[in-house]
Structures are given as structure tokens and as C-alpha cells.
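Novice: Supplied in C-alpha cells, the structure appears directly below.
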Amino acid sequence: MKNPFGDQQVPGSYYNLQERMYKKVSANVNDQILEILQKAYENALYEENVALSRPERNRLFSQIVKMVMEDVLKKLNRPSTGVEGKST
């Protein structure tokens, strides 16, 4: 029997869709996010006029990235409010 989807991949389960979407999105976005965070971090360090060793800078950067990403996740998990201020 021929594949009704032609040459396209069979859609499969939700999990398969999630995995395919993750691979496509993360391939392009991860490096961009890291670059933005790195630039913001370097600018903040410059503004603070702080001298840190390389290990200290790396450790602090890792901690800051974790905090920022946790904030992003909280915003994603927060219920959205409609026009009338009710949760949707």
C-alpha cells in the first residue's frame, strides 16, 4: 500500500512531532539565545566595572543564565489574562 502522505514523513505521534519541532527550533535558537545572553552579561559586567577571574566570570555567567531561563519558564507557565483580566 502506498503512503497517503506521498514522500512526506508519516506524522506519527504527538511525541514524534514534539521531537521534530524541538530539533528544528533548537538548532537555530540555542546559539542565538546564548549569544544575546553573553553580550548582555558582558555589558553588565562592564557597567559594574568589576574585575573577575575567568573561572569567576564563567561561574557567575552560568548562574545568571540559569536565573534568566527560570524567569522565562515562569512567564511561559503563567496563565494568560484575557481582555477582562480573567485567566484563559
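Scheme for the C-alpha cells: letters A, B, ... for chains in order shown; per-chain residue numbers from 1; ligand numbers from 1 in order shown.
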With only C-alpha atoms counted and 9 Å as the cut-off, give the residues of range 26-45 of chain A in contact with range 57-67 of chain A, each with its shortest interatomic distance in Å and the pair that gives it, as JSON lines.

Specialist:
```
{"residue": "A:Leu34", "atom": "CA", "partner": "A:Val65", "partner_atom": "CA", "distance": 8.6}
{"residue": "A:Leu37", "atom": "CA", "partner": "A:Val65", "partner_atom": "CA", "distance": 7.1}
{"residue": "A:Gln38", "atom": "CA", "partner": "A:Phe61", "partner_atom": "CA", "distance": 7.8}
{"residue": "A:Tyr41", "atom": "CA", "partner": "A:Phe61", "partner_atom": "CA", "distance": 7.0}
```

Novice: So that I have them on file, write out the residues from the current selection with C-alpha atoms, as a tab-separated table (two decimals), in the first residue's frame.

Specialist:
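Writing the result to out.tsv gives the following:
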```tsv
chain	number	residue	atom	x	y	z
A	34	LEU	CA	23.37	32.19	24.19
A	37	LEU	CA	22.83	36.43	26.99
A	38	GLN	CA	26.62	36.61	26.62
A	41	TYR	CA	26.30	39.76	30.57
```

Novice: When you draw a straight line from CA of Lys75 in chain A to CA of Ile33 in chain A, how long is it in Å?

Specialist: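 Interatomic distance, CA of Lys75 in chain A to CA of Ile33 in chain A: 16.4 Å.
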
Novice: DSSP on the backbone: which residues in range 2-60 of chain A end up as alpha helix (DSSP H)? Give the answer as an MDAnalysis selection string.

Specialist: chainID A and resid 14:48 54:60
